[in-house]
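Structure file my_file-v4.txt; described as compact mmCIF, C-alpha atoms.
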```txt
# COMPACT_ATOMS: atom_id res chain seq x y z
CA MET A 159 -20.07 -3.23 -8.75
CA LYS A 160 -22.55 -5.90 -7.65
CA PHE A 161 -22.44 -5.70 -3.88
CA SER A 162 -25.29 -8.23 -3.79
CA LYS A 163 -22.61 -10.90 -4.25
CA PHE A 164 -20.75 -9.44 -1.25
CA VAL A 165 -23.71 -9.54 1.17
CA CYS A 166 -23.54 -11.90 4.16
CA LYS A 167 -25.20 -15.21 3.37
CA CYS A 168 -26.98 -15.45 6.75
CA GLY A 169 -29.79 -13.21 5.56
CA CYS A 170 -28.84 -10.13 7.63
CA GLY A 171 -28.44 -8.16 4.39
CA ARG A 172 -25.21 -6.44 5.48
CA ILE A 173 -21.95 -5.83 3.62
CA ALA A 174 -20.12 -4.63 6.75
CA PRO A 175 -20.69 -4.62 10.51
CA PRO A 176 -22.92 -1.90 11.97
CA ASP A 177 -21.10 1.36 12.81
CA ILE A 178 -17.81 0.19 11.26
CA GLU A 179 -17.72 3.25 9.00
CA GLN A 180 -17.26 5.44 12.09
CA LEU A 181 -14.08 3.49 12.81
CA ILE A 182 -13.03 2.95 9.17
CA PRO A 183 -14.38 5.93 7.17
CA GLU A 184 -12.65 4.65 4.01
CA LEU A 185 -14.43 1.27 4.18
CA ASN A 186 -16.46 1.83 1.02
CA GLN A 187 -13.33 2.80 -0.91
CA LEU A 188 -11.52 -0.30 0.38
CA GLN A 189 -14.43 -2.50 -0.68
CA ARG A 190 -14.30 -0.91 -4.14
CA ILE A 191 -10.57 -1.68 -4.36
CA LEU A 192 -11.23 -5.28 -3.36
CA TRP A 193 -13.96 -5.54 -5.96
CA GLY A 194 -11.66 -3.95 -8.56
CA VAL A 195 -9.01 -6.58 -7.91
CA TYR A 196 -11.65 -9.28 -8.33
CA ASP A 197 -12.77 -7.65 -11.60
CA LEU A 198 -9.17 -7.79 -12.85
CA VAL A 199 -9.06 -11.51 -12.07
CA ARG A 200 -12.38 -12.38 -13.65
CA GLY A 201 -11.50 -10.28 -16.69
CA SER A 202 -8.82 -12.84 -17.54
CA TRP A 203 -9.94 -16.00 -15.75
CA GLU A 204 -13.39 -17.41 -15.03
CA ALA A 205 -14.14 -16.99 -11.33
CA TYR A 206 -17.09 -16.58 -8.99
CA ILE A 207 -17.41 -15.17 -5.47
CA THR A 208 -18.00 -17.71 -2.73
CA SER A 209 -17.87 -15.35 0.27
CA GLY A 210 -17.72 -11.62 0.94
CA TYR A 211 -18.78 -10.02 4.19
CA ARG A 212 -19.65 -12.41 7.04
CA CYS A 213 -21.40 -11.27 10.18
CA GLU A 214 -19.95 -12.81 13.34
CA LYS A 215 -22.85 -15.29 13.51
CA ARG A 216 -22.27 -16.55 9.94
CA ASN A 217 -18.52 -16.60 10.45
CA ALA A 218 -18.93 -18.83 13.53
CA ILE A 219 -21.37 -21.15 11.75
CA ILE A 220 -18.93 -21.85 8.91
CA GLY A 221 -15.95 -22.16 11.24
CA GLY A 222 -14.19 -18.95 10.14
CA ALA A 223 -11.31 -17.54 12.16
CA LYS A 224 -12.45 -15.41 15.12
CA PHE A 225 -10.83 -12.28 13.66
CA SER A 226 -11.32 -13.14 10.00
CA PRO A 227 -11.04 -10.07 7.74
CA HIS A 228 -14.47 -11.12 6.40
CA ILE A 229 -16.12 -9.86 9.61
CA TRP A 230 -14.91 -6.32 8.86
CA GLY A 231 -16.18 -6.34 5.27
CA ILE A 232 -12.72 -6.20 3.66
CA ALA A 233 -12.23 -9.77 2.43
CA MET A 234 -13.46 -11.85 -0.45
CA ASP A 235 -13.17 -15.50 -1.38
CA PHE A 236 -13.59 -16.66 -4.92
CA ALA A 237 -13.28 -19.89 -6.83
CA LEU A 238 -11.66 -20.40 -10.20
CA MET A 239 -13.61 -22.35 -12.80
CA ASN A 240 -10.40 -23.75 -14.30
CA LEU A 241 -8.03 -25.12 -11.70
CA SER A 242 -5.11 -25.15 -14.15
CA HIS A 243 -4.92 -21.34 -13.86
CA ARG A 244 -4.59 -21.29 -10.06
CA GLU A 245 -0.84 -20.64 -9.79
CA GLU A 246 -1.02 -18.01 -12.52
CA VAL A 247 -3.81 -16.18 -10.68
CA VAL A 248 -2.00 -16.37 -7.34
CA GLU A 249 1.21 -14.99 -8.88
CA TYR A 250 -0.78 -12.23 -10.57
CA LEU A 251 -2.47 -11.24 -7.29
CA LYS A 252 0.86 -11.23 -5.45
CA SER A 253 2.42 -9.08 -8.18
CA LEU A 254 -0.27 -6.42 -7.73
CA GLY A 255 0.94 -5.80 -4.18
CA ILE A 256 -2.48 -4.47 -3.17
CA VAL A 257 -4.17 -7.37 -1.41
CA ARG A 258 -3.12 -10.10 0.97
CA VAL A 259 -3.53 -13.49 -0.73
CA GLY A 260 -4.68 -16.66 1.02
CA HIS A 261 -4.30 -19.84 -0.94
CA LYS A 262 -1.95 -22.25 0.84
CA LYS A 263 -4.28 -23.40 3.62
CA TYR A 264 -7.07 -24.31 1.21
CA GLU A 265 -5.55 -27.52 -0.13
CA GLY A 266 -8.87 -29.34 0.31
CA ILE A 267 -10.53 -26.71 -1.88
CA PRO A 268 -7.89 -26.16 -4.57
CA ASN A 269 -9.86 -23.68 -6.66
CA HIS A 270 -10.43 -21.38 -3.64
CA ILE A 271 -8.52 -18.09 -3.26
CA HIS A 272 -8.92 -15.48 -0.51
CA ILE A 273 -8.04 -11.79 -0.89
CA ASP A 274 -8.28 -9.08 1.74
CA LEU A 275 -7.18 -5.61 2.76
CA ALA A 276 -6.77 -6.29 6.49
CA HIS A 277 -3.38 -4.58 6.49
CA LYS A 278 -5.11 -1.31 5.55
CA ILE A 279 -7.35 -1.25 8.64
CA ALA A 280 -5.20 -3.08 11.20
CA ASP A 281 -4.05 0.06 13.02
CA ALA A 282 -7.57 1.45 13.43
CA LEU A 283 -8.92 -1.89 14.66
CA TYR A 284 -6.08 -2.31 17.13
CA GLU A 285 -6.35 1.24 18.48
CA ALA A 286 -10.11 0.71 18.98
CA LYS A 287 -9.33 -2.53 20.87
CA LYS A 288 -11.23 -4.62 18.31
CA ILE A 289 -8.29 -6.98 17.69
CA PRO A 290 -5.44 -8.21 19.91
CA VAL A 291 -1.81 -7.43 19.12
CA GLU A 292 -1.20 -10.90 17.62
CA VAL A 293 -3.96 -10.36 15.08
CA TRP A 294 -2.74 -6.82 14.37
CA ARG A 295 0.73 -8.24 13.68
CA ALA A 296 -0.68 -10.95 11.38
CA TYR A 297 -2.81 -8.43 9.49
CA LYS A 298 0.22 -6.19 8.99
CA GLU A 299 2.91 -8.76 8.27
CA ALA A 300 1.32 -11.74 6.48
CA LYS A 301 1.02 -10.99 2.77
CA GLU A 302 0.42 -14.57 1.70
CA TRP A 303 -0.63 -17.79 3.39
```
Will you turn the file into structure tokens for me?
Amino acid sequence: MKFSKFVCKCGCGRIAPPDIEQLIPELNQLQRILWGVYDLVRGSWEAYITSGYRCEKRNAIIGGAKFSPHIWGIAMDFALMNLSHREEVVEYLKSLGIVRVGHKKYEGIPNHIHIDLAHKIADALYEAKKIPVEVWRAYKEAKEW
């Protein structure tokens, strides 16, 4: 696992927010699952990571959603080298049933696919008052967008 590709691009050197492991003790395991899903994809299709963890500063600079799963260290964006495989990859990811899949809102960047495990940490984040109920609901209910 090459977490160097998952490190925030702002230069902070982090792969998750400080002290998050106290709230989400299974964070490292979740990141390994995320990476494993990516490995499955790139084992069959050429892909490269465009974004992993984003600190809040980096997330704001690039215009990421305020409660993006990237800020918790449980999301990854990647790009496909061959756009003709996009639908096949999306269907494959959905069939796994492990990750949430973001692909519909990236029409301007058609080779871009987002995967995350926000649904796995939504309860802990909500109970710790880190996310509002609307975000909790979206994390739990949206499997694809």
With all atoms listed in the file as the atoms that count, which of A:Lys215, A:Leu181, A:Ser162, A:Ile173 lies nearest to A:Ala286?
-> A:Leu181
Selection near A:Val248, 9 Å with only C-alpha atoms, sequence-local residues under 6 positions removed, as a PyMOL selection string = chain A and resi 259-261+271
Quick one: residues within 8 Å of (-23.2, -7.0, 7.8) (file frame), counting all atoms listed in the file, please, as a short mmCIF file (atom, residue, chain, number, x, y, z; two decimals) with C-alpha atoms, in the coordinates of the input.
```cif
data_model
loop_
_atom_site.label_atom_id
_atom_site.label_comp_id
_atom_site.auth_asym_id
_atom_site.auth_seq_id
_atom_site.Cartn_x
_atom_site.Cartn_y
_atom_site.Cartn_z
CA VAL A 165 -23.71 -9.54 1.17
CA CYS A 166 -23.54 -11.90 4.16
CA CYS A 170 -28.84 -10.13 7.63
CA GLY A 171 -28.44 -8.16 4.39
CA ARG A 172 -25.21 -6.44 5.48
CA ILE A 173 -21.95 -5.83 3.62
CA ALA A 174 -20.12 -4.63 6.75
CA PRO A 175 -20.69 -4.62 10.51
CA PRO A 176 -22.92 -1.90 11.97
CA TYR A 211 -18.78 -10.02 4.19
CA ARG A 212 -19.65 -12.41 7.04
CA CYS A 213 -21.40 -11.27 10.18
CA ILE A 229 -16.12 -9.86 9.61
CA GLY A 231 -16.18 -6.34 5.27
#
```
Rounded to one decimal in Å, what is the spacing between atom CA of A:Arg244 and atom CA of A:Tyr264?
->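 It comes out at 11.9 Å.
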Please enclose the listed atoms of stretch 203-219 of chain A in an axis-aligned box, pad each side by 8 Å, and write out the centre and the three edge lengths in Å, rounded to one decimal, as AutoDock Vina command-line options.
```
--center_x -16.4 --center_y -15.6 --center_z -1.1 --size_x 28.9 --size_y 27.1 --size_z 45.3
```
Expressed in Å to a single decimal, how great is the separation between atom CA of A:Gly221 and atom CA of A:Asp177?
->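 Straight-line distance from atom CA of A:Gly221 to atom CA of A:Asp177 works out to 24.1 Å.
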Separation of atom CA of A:Trp193 from atom CA of A:Trp230, in Å and rounded to one decimal =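 Computed distance, atom CA of A:Trp193 to atom CA of A:Trp230, equals 14.9 Å.
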Within 6 Å of stretch 274-285 of chain A, counting all atoms listed in the file, which residues show up once you throw out same-chain ones fewer than 5 positions away? Write them as a PyMOL selection string, please.
-> chain A and resi 227+232-233+257-258+294+297-298
Minimum-distance residue to A:Lys252, chosen among A:Lys288, A:Asn217, A:Val195, A:Ser209 (using all atoms listed in the file) |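 Closest to A:Lys252 of all the choices is A:Val195.
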If we count all atoms listed in the file, what is near A:Val247 at a cut-off of 12 Å, once residues fewer than 2 positions away on the same chain are taken out, given as an MDAnalysis selection string?
-> chainID A and resid 195:196 198:205 236:245 249:254 259:261 269:273
Would you please work out which residue, of A:His228, A:Lys287, A:Lys262, A:Lys301, is nearest to A:Leu192 when using all atoms listed in the file?
->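 The answer is A:His228, which sits nearest to A:Leu192.
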